Amino acid sequence: MASFKKFRVDGKFQLSKVDPANSPFLEGDEAEQREQLDALAIELDELQNLLHAEGRRKLLLVLQGLDTSGKDGTIRWVFSRTSPLGVRVTAFKAPSNDERAHDFLWRCHAVVPRSGEIMVWNRSHYEDVLVPVVEGWIDKAETKRRYAHINDFERLLTETGTVVVKCMLHISKDEQRSRLQARVDDPGKHWKFSMDDLAVRKKWDAYQRAYESALTATSTPDAPWYVVPADSKRHRNLMIAQLLVKTLKEMKLRTPSSDPALKGLVVE
């Protein structure tokens, strides 16, 4: 099995050094890879059952990435065999007027995972240190403050029983062009395309710099960032599925002790 260590953001980090086309977690042919993903999805369901049964801890998966990087597809495939009762997904859109009237983390507190639950954030609080930075809405001092607030917020989560896994889905500019063009060429996918996607694409380099700064400033021992090479959709899915299974296993989940009254009980 490939190592996650080289994809974990630690110390001096350069996003440009991570090849989006790299695929170390792909093994065998396509059929074998699909079988492996299905097996991981089943194992993830079993581990989620243990997480729910234990009822004390939680897991938060944060998915960040530029348009077409595959956040929706990751959720669809990685959790394909997991009970919907144990996994909750929240998509972070542009802040509403009510959300803008509060601090930028206000909307996050309401959607943190409950005990025994896996929570997935499709985009996240990190939008508030990406878009405003690229657009020039906040200065360097405010950006630095927000990094500190994020680290404090995530420390609060980890200290109260939440395991935080953060994945940046890293695609190349050429791959994004191909995926956007596919949406344009297929009338059935027009609903997924926005002209704003092209405006954001023109700021590609600025977003790469913003991501690099944010990941470096907020990858901590308790809530590390992993950069996931995502030009290959199967690689993206397999890497994240393996990371989640590994994380849940390391939590050493246990079912609660049996009720002594059940010993020898015969249901008539």
# chains A, B, ... in the order shown; residues from 1 in each chain; ligands from 1
call {"tool": "closest_atom_pairs", "arguments": {"of": "region 155-234 of chain A", "to": "region 36-56 of chain A", "cutoff": "12 Å", "atoms": "only C-alpha atoms", "output": "CSV"}}
result
residue,atom,partner,partner_atom,distance
A:Thr160,CA,A:Arg56,CA,9.5
A:Gly161,CA,A:Arg56,CA,7.1
A:Thr162,CA,A:Arg56,CA,9.2
A:Val163,CA,A:Arg56,CA,11.4
A:Lys233,CA,A:Leu37,CA,11.6
A:Arg234,CA,A:Leu37,CA,8.4
call {"tool": "select_by_dssp", "arguments": {"residues": "region 70-142 of chain A", "states": "strand (DSSP E)", "output": "PDB file with N, CA and C atoms, in the first residue's frame"}}
result
ATOM      1  N   VAL A  87     -24.069   8.850   7.954  1.00  0.00           N
ATOM      2  CA  VAL A  87     -23.244   9.837   7.270  1.00  0.00           C
ATOM      3  C   VAL A  87     -24.117  11.042   6.910  1.00  0.00           C
ATOM      4  N   ARG A  88     -23.641  12.215   7.247  1.00  0.00           N
ATOM      5  CA  ARG A  88     -24.366  13.438   6.920  1.00  0.00           C
ATOM      6  C   ARG A  88     -23.450  14.327   6.090  1.00  0.00           C
ATOM      7  N   VAL A  89     -24.013  14.982   5.081  1.00  0.00           N
ATOM      8  CA  VAL A  89     -23.237  15.827   4.170  1.00  0.00           C
ATOM      9  C   VAL A  89     -23.787  17.246   4.192  1.00  0.00           C
ATOM     10  N   THR A  90     -22.887  18.217   4.270  1.00  0.00           N
ATOM     11  CA  THR A  90     -23.260  19.625   4.163  1.00  0.00           C
ATOM     12  C   THR A  90     -22.424  20.266   3.070  1.00  0.00           C
ATOM     13  N   ALA A  91     -23.098  20.971   2.167  1.00  0.00           N
ATOM     14  CA  ALA A  91     -22.411  21.709   1.104  1.00  0.00           C
ATOM     15  C   ALA A  91     -22.366  23.185   1.483  1.00  0.00           C
ATOM     16  N   ILE A 118     -20.392  10.282  11.051  1.00  0.00           N
ATOM     17  CA  ILE A 118     -19.430  10.800  10.084  1.00  0.00           C
ATOM     18  C   ILE A 118     -20.084  11.994   9.397  1.00  0.00           C
ATOM     19  N   MET A 119     -19.400  13.114   9.394  1.00  0.00           N
ATOM     20  CA  MET A 119     -19.886  14.321   8.739  1.00  0.00           C
ATOM     21  C   MET A 119     -18.948  14.665   7.600  1.00  0.00           C
ATOM     22  N   VAL A 120     -19.509  15.009   6.438  1.00  0.00           N
ATOM     23  CA  VAL A 120     -18.703  15.394   5.283  1.00  0.00           C
ATOM     24  C   VAL A 120     -19.045  16.828   4.913  1.00  0.00           C
ATOM     25  N   TRP A 121     -18.025  17.655   4.826  1.00  0.00           N
ATOM     26  CA  TRP A 121     -18.216  19.029   4.362  1.00  0.00           C
ATOM     27  C   TRP A 121     -17.728  19.146   2.929  1.00  0.00           C
ATOM     28  N   ASN A 122     -18.667  19.443   2.036  1.00  0.00           N
ATOM     29  CA  ASN A 122     -18.376  19.675   0.619  1.00  0.00           C
ATOM     30  C   ASN A 122     -18.087  21.166   0.470  1.00  0.00           C
TER      31      ASN A 122
END
call {"tool": "atom_distance", "arguments": {"atom1": "CA of Gln181 (chain A)", "atom2": "CA of Ser194 (chain A)"}}
result
11.6 Å
call {"tool": "select_by_dssp", "arguments": {"residues": "region 72-103 of chain A", "states": "helix (DSSP H, G or I)", "output": "list in words"}}
result
Asp72, Gly73, Thr74, Ile75, Arg76, Trp77, Val78, Asn97, Asp98, Glu99 and Arg100 of chain A
call {"tool": "residues_around", "arguments": {"residues": "region 129-146 of chain A", "least_positions_apart": "4", "cutoff": "7 Å", "atoms": "only C-alpha atoms", "output": "CSV table (one decimal) with N, CA, C and O atoms, in the first residue's frame"}}
result
chain,number,residue,atom,x,y,z
A,150,ILE,N,-9.4,29.4,12.7
A,150,ILE,CA,-9.6,28.1,12.2
A,150,ILE,C,-8.9,27.0,13.0
A,150,ILE,O,-9.4,26.0,13.4
A,206,ALA,N,-3.6,32.5,-8.8
A,206,ALA,CA,-3.9,33.1,-7.5
A,206,ALA,C,-4.6,32.1,-6.5
A,206,ALA,O,-4.2,32.1,-5.3
A,207,TYR,N,-5.4,31.3,-7.0
A,207,TYR,CA,-6.0,30.3,-6.2
A,207,TYR,C,-5.0,29.2,-5.7
A,207,TYR,O,-5.1,28.7,-4.6
A,210,ALA,N,-3.2,30.8,-2.9
A,210,ALA,CA,-4.1,30.9,-1.7
A,210,ALA,C,-4.2,29.6,-1.0
A,210,ALA,O,-4.2,29.5,0.2
A,211,TYR,N,-4.4,28.5,-1.8
A,211,TYR,CA,-4.5,27.2,-1.3
A,211,TYR,C,-3.2,26.8,-0.6
A,211,TYR,O,-3.2,26.3,0.6
A,214,ALA,N,-3.0,28.6,2.8
A,214,ALA,CA,-4.0,28.2,3.7
A,214,ALA,C,-3.6,26.8,4.3
A,214,ALA,O,-3.7,26.5,5.5
call {"tool": "residues_around", "arguments": {"residues": "region 16-29 of chain A", "least_positions_apart": "5", "cutoff": "12 Å", "atoms": "only C-alpha atoms", "output": "count of residues only"}}
result
46
call {"tool": "atom_distance", "arguments": {"atom1": "CA of Glu250 (chain A)", "atom2": "CA of Lys166 (chain A)"}}
result
16.3 Å
call {"tool": "atom_distance", "arguments": {"atom1": "CA of Val164 (chain A)", "atom2": "CA of Leu60 (chain A)"}}
result
4.9 Å
call {"tool": "closest_residue", "arguments": {"among": "A:Cys167, A:Pro221, A:Ser178, A:Pro95", "to": "Arg155 (chain A)", "atoms": "only C-alpha atoms"}}
result
A:Pro221
call {"tool": "closest_residue", "arguments": {"among": "A:Ser115, A:Ser219, A:Gln14, A:Thr74", "to": "Asn151 (chain A)", "atoms": "only C-alpha atoms"}}
result
A:Ser219
call {"tool": "residues_around", "arguments": {"residues": "Asp10 (chain A)", "least_positions_apart": "3", "cutoff": "8 Å", "atoms": "only C-alpha atoms", "output": "NGL selection string"}}
result
:A and (13 or 216 or 219-220)
call {"tool": "closest_residue", "arguments": {"among": "A:Arg114, A:Lys252, A:Arg179, A:Arg123", "to": "Lys192 (chain A)", "atoms": "only C-alpha atoms"}}
result
A:Arg179
call {"tool": "residues_around", "arguments": {"residues": "Asp197 (chain A)", "least_positions_apart": "3", "cutoff": "12 Å", "atoms": "only C-alpha atoms", "output": "PyMOL selection string"}}
result
chain A and resi 66-68+176-177+179-181+183-184+192-194+200-204
call {"tool": "write_last_selection", "arguments": {"atoms": "C-alpha atoms", "output": "tab-separated table (two decimals), in the first residue's frame"}}
result
chain	number	residue	atom	x	y	z
A	66	LEU	CA	-11.35	23.91	-7.28
A	67	ASP	CA	-14.34	23.49	-9.58
A	68	THR	CA	-14.56	19.98	-11.14
A	176	GLN	CA	-10.13	21.08	-15.26
A	177	ARG	CA	-10.40	22.39	-18.82
A	179	ARG	CA	-13.98	18.44	-17.34
A	180	LEU	CA	-15.50	21.88	-17.90
A	181	GLN	CA	-15.61	21.25	-21.65
A	183	ARG	CA	-20.09	19.81	-19.16
A	184	VAL	CA	-20.47	22.29	-22.00
A	192	LYS	CA	-23.49	21.78	-13.53
A	193	PHE	CA	-21.83	24.57	-15.54
A	194	SER	CA	-21.69	28.24	-14.62
A	200	VAL	CA	-12.58	31.70	-11.43
A	201	ARG	CA	-10.44	29.68	-13.86
A	202	LYS	CA	-8.78	32.88	-15.07
A	203	LYS	CA	-7.47	33.31	-11.51
A	204	TRP	CA	-5.96	29.82	-11.41
call {"tool": "closest_residue", "arguments": {"among": "A:Thr218, A:Arg57, A:Ile75, A:Glu30", "to": "Leu253 (chain A)", "atoms": "only C-alpha atoms"}}
result
A:Arg57
